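Listing of coords-v6.txt; format and content: compact mmCIF, C-alpha atoms.
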# COMPACT_ATOMS: atom_id res chain seq x y z
CA MET A 1 179.43 192.68 52.83
CA LEU A 2 177.82 194.46 55.79
CA PHE A 3 176.80 191.22 57.56
CA ASN A 4 178.80 188.04 58.09
CA PHE A 5 177.41 184.51 58.41
CA LYS A 6 177.07 184.79 62.19
CA ASP A 7 175.09 188.02 61.85
CA PHE A 8 172.71 186.48 59.32
CA SER A 9 172.26 183.39 61.49
CA ARG A 10 171.29 185.55 64.45
CA LEU A 11 168.94 187.65 62.33
CA SER A 12 167.38 184.53 60.84
CA ASP A 13 166.58 183.21 64.33
CA ASN A 14 165.19 186.63 65.29
CA ILE A 15 162.96 186.75 62.18
CA ASN A 16 161.70 183.22 62.81
CA ASN A 17 160.82 184.10 66.40
CA ILE A 18 158.86 187.22 65.36
CA ILE A 19 156.88 185.39 62.67
CA SER A 20 156.23 182.25 64.73
CA GLN A 21 154.72 184.39 67.49
CA LYS A 22 152.06 185.48 65.00
CA THR A 23 151.47 182.42 62.79
CA SER A 24 152.23 178.73 62.32
CA ASP A 25 151.81 178.99 58.53
CA THR A 26 155.03 177.57 57.04
CA GLU A 27 154.51 179.33 53.68
CA ILE A 28 154.39 182.72 55.38
CA GLY A 29 157.38 181.80 57.52
CA GLN A 30 159.51 180.69 54.57
CA TRP A 31 158.57 183.72 52.51
CA GLY A 32 159.34 186.02 55.43
CA GLN A 33 162.77 184.50 56.02
CA LYS A 34 163.72 184.74 52.36
CA GLN A 35 162.43 188.24 51.65
CA ILE A 36 163.57 189.86 54.91
CA LEU A 37 167.10 188.44 54.68
CA ARG A 38 167.22 189.51 51.02
CA LEU A 39 166.19 193.01 52.05
CA LEU A 40 168.80 193.12 54.81
CA SER A 41 171.52 191.87 52.46
CA LYS A 42 171.05 195.05 50.43
CA CYS A 43 171.52 197.33 53.44
CA SER A 44 174.22 199.97 53.45
CA GLU A 45 175.93 201.47 56.47
CA THR A 46 173.71 204.53 56.12
CA ASN A 47 170.35 202.72 56.29
CA VAL A 48 171.06 199.54 58.24
CA HIS A 49 169.60 201.00 61.44
CA ASP A 50 166.25 201.36 59.70
CA TYR A 51 166.02 197.61 60.22
CA ILE A 52 168.25 196.40 63.07
CA ASP A 53 169.51 197.68 66.42
CA HIS A 54 173.07 197.79 67.74
CA ASN A 55 172.76 194.19 68.99
CA PHE A 56 171.95 192.92 65.49
CA ASN A 57 168.32 192.26 66.37
CA ILE A 58 165.32 193.40 64.34
CA ASN A 59 164.42 196.86 65.69
CA ALA A 60 160.95 197.82 66.94
CA ASP A 61 159.85 199.70 63.80
CA PHE A 62 160.84 196.92 61.42
CA LYS A 63 159.30 194.31 63.74
CA GLN A 64 156.02 196.22 63.49
CA LYS A 65 156.15 196.03 59.70
CA ILE A 66 156.81 192.29 59.78
CA GLU A 67 153.94 191.68 62.20
CA HIS A 68 151.58 193.80 60.13
CA ILE A 69 152.39 191.82 56.99
CA VAL A 70 151.78 188.54 58.82
CA ASP A 71 148.39 189.80 60.06
CA PHE A 72 147.51 190.83 56.51
CA LEU A 73 148.48 187.46 55.03
CA GLU A 74 146.60 185.61 57.78
CA ASN A 75 143.39 187.52 57.11
CA ILE A 76 143.07 187.34 53.33
CA SER A 77 141.93 184.41 51.19
CA ASP A 78 144.27 181.52 50.35
CA ASP A 79 144.37 182.63 46.71
CA GLY A 80 145.13 186.18 47.78
CA LYS A 81 147.89 184.96 50.07
CA LEU A 82 149.54 182.92 47.31
CA LYS A 83 149.44 185.95 45.02
CA GLN A 84 151.01 188.16 47.68
CA LEU A 85 153.78 185.65 48.39
CA LYS A 86 155.08 186.22 44.88
CA GLY A 87 156.01 189.79 45.82
CA ASN A 88 158.93 191.18 47.76
CA PHE A 89 158.76 192.59 51.28
CA GLU A 90 158.11 196.23 50.39
CA GLN A 91 155.46 195.33 47.81
CA VAL A 92 153.54 193.19 50.29
CA PHE A 93 153.88 195.76 53.06
CA ASN A 94 152.41 198.45 50.80
CA ASN A 95 149.54 196.10 49.92
CA ALA A 96 149.00 195.42 53.63
CA GLN A 97 148.74 199.14 54.31
CA LYS A 98 146.19 199.61 51.51
CA TRP A 99 144.17 196.61 52.68
CA THR A 100 144.08 197.90 56.24
CA ALA A 101 142.95 201.37 55.21
CA GLN A 102 140.23 199.93 52.98
CA THR A 103 139.03 197.51 55.68
CA GLN A 104 138.84 200.27 58.28
CA LYS A 105 136.92 202.56 55.92
CA GLN A 106 134.41 199.87 54.96
CA TYR A 107 133.91 198.67 58.52
CA ARG A 108 133.28 202.15 59.90
CA LYS A 109 130.41 202.53 57.47
CA GLN A 110 128.84 199.25 58.62
CA THR A 111 129.40 199.30 62.36
CA ASN A 112 127.41 201.04 65.06
CA ILE A 113 129.27 202.78 67.86
CA ASN A 114 127.03 200.94 70.33
CA GLU A 115 128.45 197.57 71.28
CA THR A 116 127.39 194.79 73.64
CA GLY A 117 129.84 192.51 75.41
CA ILE A 118 132.26 195.17 76.68
CA ARG A 119 132.93 196.01 80.32
CA THR A 120 134.78 199.07 81.62
CA ILE A 121 137.84 198.13 83.66
CA MET A 122 139.23 201.64 84.23
CA ASP A 123 137.77 205.06 83.43
CA PHE A 124 140.52 207.65 83.01
CA GLY A 125 138.11 210.56 83.49
CA ASN A 126 139.14 212.25 80.23
CA GLY A 127 136.76 210.54 77.82
CA TYR A 128 138.91 207.41 77.60
CA ALA A 129 138.46 204.04 79.26
CA MET A 130 140.10 200.63 79.28
CA VAL A 131 137.46 198.03 78.48
CA HIS A 132 137.34 194.24 78.45
CA LEU A 133 136.11 192.52 75.28
CA SER A 134 134.15 189.29 75.76
CA THR A 135 132.62 188.22 72.43
CA LYS A 136 133.85 187.19 69.01
CA GLU A 137 131.99 190.18 67.57
CA ASN A 138 133.99 192.46 69.90
CA PHE A 139 137.23 190.90 68.67
CA VAL A 140 136.28 191.26 64.99
CA ARG A 141 135.32 194.91 65.42
CA GLU A 142 138.57 195.62 67.28
CA GLY A 143 140.69 193.90 64.65
CA ASN A 144 139.01 195.61 61.71
CA LEU A 145 139.18 199.10 63.18
CA MET A 146 142.72 198.68 64.51
CA GLY A 147 144.13 196.87 61.46
CA HIS A 148 145.60 193.90 63.31
CA CYS A 149 144.84 190.22 63.85
CA VAL A 150 142.83 190.21 67.09
CA GLY A 151 139.70 189.53 65.05
CA GLY A 152 140.99 186.01 64.48
CA TYR A 153 141.52 185.29 68.18
CA ASN A 154 139.28 183.12 70.33
CA PRO A 155 137.63 184.83 73.35
CA LYS A 156 137.94 181.51 75.22
CA THR A 157 141.73 181.48 75.00
CA SER A 158 142.68 185.19 74.83
CA THR A 159 141.75 188.03 77.15
CA ILE A 160 141.61 191.32 75.26
CA TYR A 161 141.51 194.84 76.70
CA SER A 162 140.93 197.86 74.49
CA LEU A 163 141.59 201.54 75.11
CA ARG A 164 138.45 203.33 73.88
CA ASP A 165 137.49 206.98 73.46
CA LYS A 166 134.10 208.57 74.20
CA ASN A 167 132.81 207.41 70.80
CA ASN A 168 133.83 203.81 71.53
CA GLU A 169 136.64 203.96 68.97
CA PRO A 170 139.65 201.76 69.86
CA HIS A 171 143.18 203.21 70.04
CA ALA A 172 145.24 200.45 71.67
CA THR A 173 144.82 196.73 72.21
CA LEU A 174 146.28 194.57 74.99
CA GLN A 175 146.35 190.78 74.81
CA ILE A 176 146.60 188.88 78.10
CA ILE A 177 147.46 185.19 78.10
CA GLY A 178 147.19 182.91 81.09
CA LYS A 179 146.06 184.73 84.20
CA ASN A 180 148.18 187.85 84.08
CA ARG A 181 150.80 187.94 81.31
CA ILE A 182 150.47 190.77 78.80
CA LYS A 183 151.83 189.36 75.54
CA GLN A 184 150.92 192.13 73.09
CA ILE A 185 150.43 195.90 73.30
CA LYS A 186 149.44 197.25 69.90
CA GLY A 187 148.37 200.49 68.35
CA LYS A 188 146.90 200.69 64.86
CA SER A 189 148.43 198.41 62.21
CA ASP A 190 150.57 196.68 64.88
CA ALA A 191 152.51 199.89 65.55
CA ALA A 192 153.25 201.21 69.03
CA PRO A 193 150.35 203.19 70.52
CA LEU A 194 150.70 206.95 70.23
CA PRO A 195 152.42 208.63 73.23
CA LYS A 196 149.16 210.01 74.68
CA TYR A 197 147.74 206.48 74.70
CA GLN A 198 150.96 205.01 76.11
CA SER A 199 150.62 207.22 79.17
CA MET A 200 147.12 205.89 79.86
CA ILE A 201 148.25 202.29 79.40
CA LYS A 202 151.02 202.90 81.94
CA MET A 203 148.47 204.42 84.34
CA PHE A 204 146.35 201.31 83.91
CA LEU A 205 149.30 199.00 84.58
CA ALA A 206 150.28 201.03 87.66
CA GLN A 207 146.78 200.48 89.01
CA HIS A 208 146.92 196.76 88.18
CA PRO A 209 150.29 195.43 89.41
CA GLU A 210 149.02 191.89 89.01
CA PHE A 211 149.76 192.16 85.28
CA ILE A 212 153.25 191.23 84.09
CA VAL A 213 154.36 192.61 80.71
CA THR A 214 156.16 189.84 78.80
CA GLY A 215 155.83 191.20 75.26
CA ASP A 216 155.74 194.54 73.42
CA GLY A 217 156.88 196.48 76.50
CA GLU A 218 159.04 198.62 74.24
CA ASN A 219 155.79 199.86 72.67
CA ILE A 220 155.04 201.85 75.84
CA GLY A 221 158.62 202.77 76.76
CA TYR A 222 159.27 199.90 79.16
CA TYR A 223 162.71 198.30 79.52
CA GLY A 224 163.13 194.58 78.98
CA PHE A 225 165.22 192.06 80.91
CA GLU A 226 164.93 188.26 80.80
CA ASN A 227 161.57 188.22 78.97
CA THR A 228 159.90 190.71 81.30
CA TYR A 229 159.39 194.46 80.81
CA TYR A 230 159.50 197.13 83.51
CA ASN A 231 158.53 200.76 83.83
CA PRO A 232 161.93 202.53 83.98
CA GLN A 233 160.62 204.80 86.77
CA SER A 234 159.46 201.90 88.94
CA LYS A 235 161.04 200.38 92.06
CA GLU A 236 160.88 197.00 90.32
CA TRP A 237 163.18 198.21 87.53
CA ALA A 238 165.54 199.85 90.03
CA ASN A 239 165.83 196.52 91.88
CA VAL A 240 166.39 194.58 88.67
CA TYR A 241 169.04 197.03 87.51
CA LYS A 242 170.84 197.05 90.85
CA ASN A 243 170.63 193.36 91.72
CA LYS A 244 170.75 191.70 88.29
CA ILE A 245 171.97 193.95 85.48
CA ILE A 246 174.91 195.62 87.25
CA PRO A 247 176.28 192.29 88.62
CA LEU A 248 175.89 190.77 85.14
CA GLN A 249 177.80 193.66 83.58
CA GLN A 250 180.51 193.37 86.23
CA ARG A 251 180.93 189.65 85.54
CA LYS A 252 181.20 190.29 81.80
CA LEU A 253 183.77 193.04 82.36
CA ALA A 254 185.79 190.81 84.68
CA SER A 255 185.74 188.04 82.06
CA ILE A 256 187.02 190.43 79.37
CA ILE A 257 189.82 191.66 81.64
CA ASN A 258 190.83 188.09 82.52
CA ASN A 259 190.96 187.15 78.83
CA ILE A 260 193.18 190.16 78.12
CA TYR A 261 195.67 189.19 80.84
CA GLU A 262 195.62 185.51 79.84
CA ASN A 263 196.48 186.40 76.24
CA ASN A 264 199.40 188.68 77.20

Before we go any further, please render this structure as structure tokens.
Amino acid sequence: MLFNFKDFSRLSDNINNIISQKTSDTEIGQWGQKQILRLLSKCSETNVHDYIDHNFNINADFKQKIEHIVDFLENISDDGKLKQLKGNFEQVFNNAQKWTAQTQKQYRKQTNINETGIRTIMDFGNGYAMVHLSTKENFVREGNLMGHCVGGYNPKTSTIYSLRDKNNEPHATLQIIGKNRIKQIKGKSDAAPLPKYQSMIKMFLAQHPEFIVTGDGENIGYYGFENTYYNPQSKEWANVYKNKIIPLQQRKLASIINNIYENN
């Protein structure tokens, strides 16, 4: 067996954390635990890294698939959800992809590119701008065109920024909770934004140091440490690496060496 009990226990906690960040629906949570662990139990040494990283955590690509499925199940009818929960992970993911494509196609036919309730926060001078969304209608349009769950959010409790092109089409969504914590950075279908959009998001964050990235930093190439993400080229990351990570590594190495000598 590729995984032992300890590995599965760690993965189970990781899966629960990913799903619980997106939904409180116990049926979705139970189905996710069962089907994802079943999928992982069939992994071979050649394909295991399609799903987990070297620390036995769900990797970024597989996390995106899980989150996209949860968004799909949260946005369809109760009867539709119950029907989907009879399928396995890959079946439901394929259905989520089809549903997203169909929703985007239908919504583009119905929506006008003109939109009230948005305010430009930063104009990048290349046809793109970061805008603030303020109405429920803004959220619904964003969610339908991006294929994620922001359409179900409440403008009173979530602050949403959207990276828009000259035709007012969204390409990346940022969710801010509290005053300044960025919890989610999503491209289409919960994937990471494309590289050209990542660069603009990083420009935006450089111009707004008041924002702290606490989730999805890996989606723009940031490095994480203790629930906060940093631009690897920034002074902040250099300080964290020098003053926190290196001392932590040195303590771990010293502990390993001490254990070796104590056991000899």

Show which residues sit within 12 Å of Glu137 in chain A, as a CSV table (one decimal) with C-alpha atoms, in the frame of the given file. Count only C-alpha atoms, and ignore same-chain residues fewer than 2 positions away.
chain,number,residue,atom,x,y,z
A,111,THR,CA,129.4,199.3,62.4
A,115,GLU,CA,128.4,197.6,71.3
A,116,THR,CA,127.4,194.8,73.6
A,117,GLY,CA,129.8,192.5,75.4
A,118,ILE,CA,132.3,195.2,76.7
A,133,LEU,CA,136.1,192.5,75.3
A,134,SER,CA,134.2,189.3,75.8
A,135,THR,CA,132.6,188.2,72.4
A,139,PHE,CA,137.2,190.9,68.7
A,140,VAL,CA,136.3,191.3,65.0
A,141,ARG,CA,135.3,194.9,65.4
A,142,GLU,CA,138.6,195.6,67.3
A,143,GLY,CA,140.7,193.9,64.6
A,144,ASN,CA,139.0,195.6,61.7
A,150,VAL,CA,142.8,190.2,67.1
A,151,GLY,CA,139.7,189.5,65.0
A,152,GLY,CA,141.0,186.0,64.5
A,153,TYR,CA,141.5,185.3,68.2
A,154,ASN,CA,139.3,183.1,70.3
A,155,PRO,CA,137.6,184.8,73.4

Distance query Pro232 in chain A at most 10 Å, only C-alpha atoms, self and fewer than 4 positions along chain excluded, as a PyMOL selection string = chain A and resi 221-224+236-238+241

Ser12 in chain A environment, 8 Å, all atoms listed in the file, sequence neighbours closer than 3 positions dropped, as a PyMOL selection string | chain A and resi 8-9+15-16+33+37

By how many Å are CA of Lys105 in chain A and CA of Gln91 in chain A apart?
->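 It comes out at 21.5 Å.
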
Would you mind reading off the distance between CA of Lys186 in chain A and CA of Lys22 in chain A, one decimal, in Å?
->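 Taking CA of Lys186 in chain A and CA of Lys22 in chain A, their separation equals 13.0 Å.
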
Do you know which residues are at most 6 Å from range 159-172 of chain A counting all atoms listed in the file, after dropping those on the same chain fewer than 2 positions away, and could you put them as a list in words?
->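 The contact residues come out as Ile113, Gly127, Tyr128, Ala129, Met130, Val131, His132, Leu133, Leu174, Gln175, Ile176, Lys186, Gly187 and Pro193 of chain A.
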
Residues of range 48-76 of chain A that have any atom at most 9 Å from an atom of range 93-100 of chain A: could you tabulate them with the shortest-distance atom pair and the distance in Å to one decimal, using only C-alpha atoms, ordered by chain and increasing number, as a Markdown table?
| residue | atom | partner | partner_atom | distance |
| --- | --- | --- | --- | --- |
| A:Lys65 | CA | A:Phe93 | CA | 7.0 |
| A:Ile66 | CA | A:Phe93 | CA | 8.1 |
| A:His68 | CA | A:Ala96 | CA | 7.2 |
| A:Ile69 | CA | A:Phe93 | CA | 5.8 |
| A:Asp71 | CA | A:Ala96 | CA | 8.6 |
| A:Phe72 | CA | A:Ala96 | CA | 5.6 |
| A:Leu73 | CA | A:Ala96 | CA | 8.1 |

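Between CA of Glu210 in chain A and CA of Gly178 in chain A the separation is 12.1 Å.
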
Within 12 Å of (170.8, 187.0, 65.9), all atoms listed in the file: residues as a list in words?
->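 All residues meeting the 12 Å criterion around (170.8, 187.0, 65.9) are Phe3, Asn4, Phe5, Lys6, Asp7, Phe8, Ser9, Arg10, Leu11, Ser12, Asp13, Asn14, Ile15, Asn16, Asn17, Ile18, Leu37, Ile52, Asp53, His54, Asn55, Phe56, Asn57, Ile58 and Asn59 of chain A.
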
Box for range 93-111 of chain A: with edges along x, y and z, all listed atoms inside and 4 Å added on each side, what are the centre and edge lengths in Å to one decimal, as AutoDock Vina command-line options?
--center_x 141.4 --center_y 199.0 --center_z 56.1 --size_x 33.0 --size_y 15.1 --size_z 20.4

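With distances taken over all atoms listed in the file, A:Asn180 is the one residue among A:Asn239, A:Gln30, A:Ser234, A:Asn180 lying closest to Ile212 in chain A.
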
Shell of 7 Å around Lys183 in chain A, only C-alpha atoms, local chain residues under 6 positions omitted, as a list in words =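 After dropping sequence-adjacent residues, the list is Gln175, Ile176, Ile177, Val213, Thr214, Gly215 and Asp216 of chain A.
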
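Residue nearest Tyr107 in chain A within the list A:Val48, A:Ile28, A:Leu145, A:Leu40: A:Leu145 [criterion: smallest interatomic distance, all atoms listed in the file].
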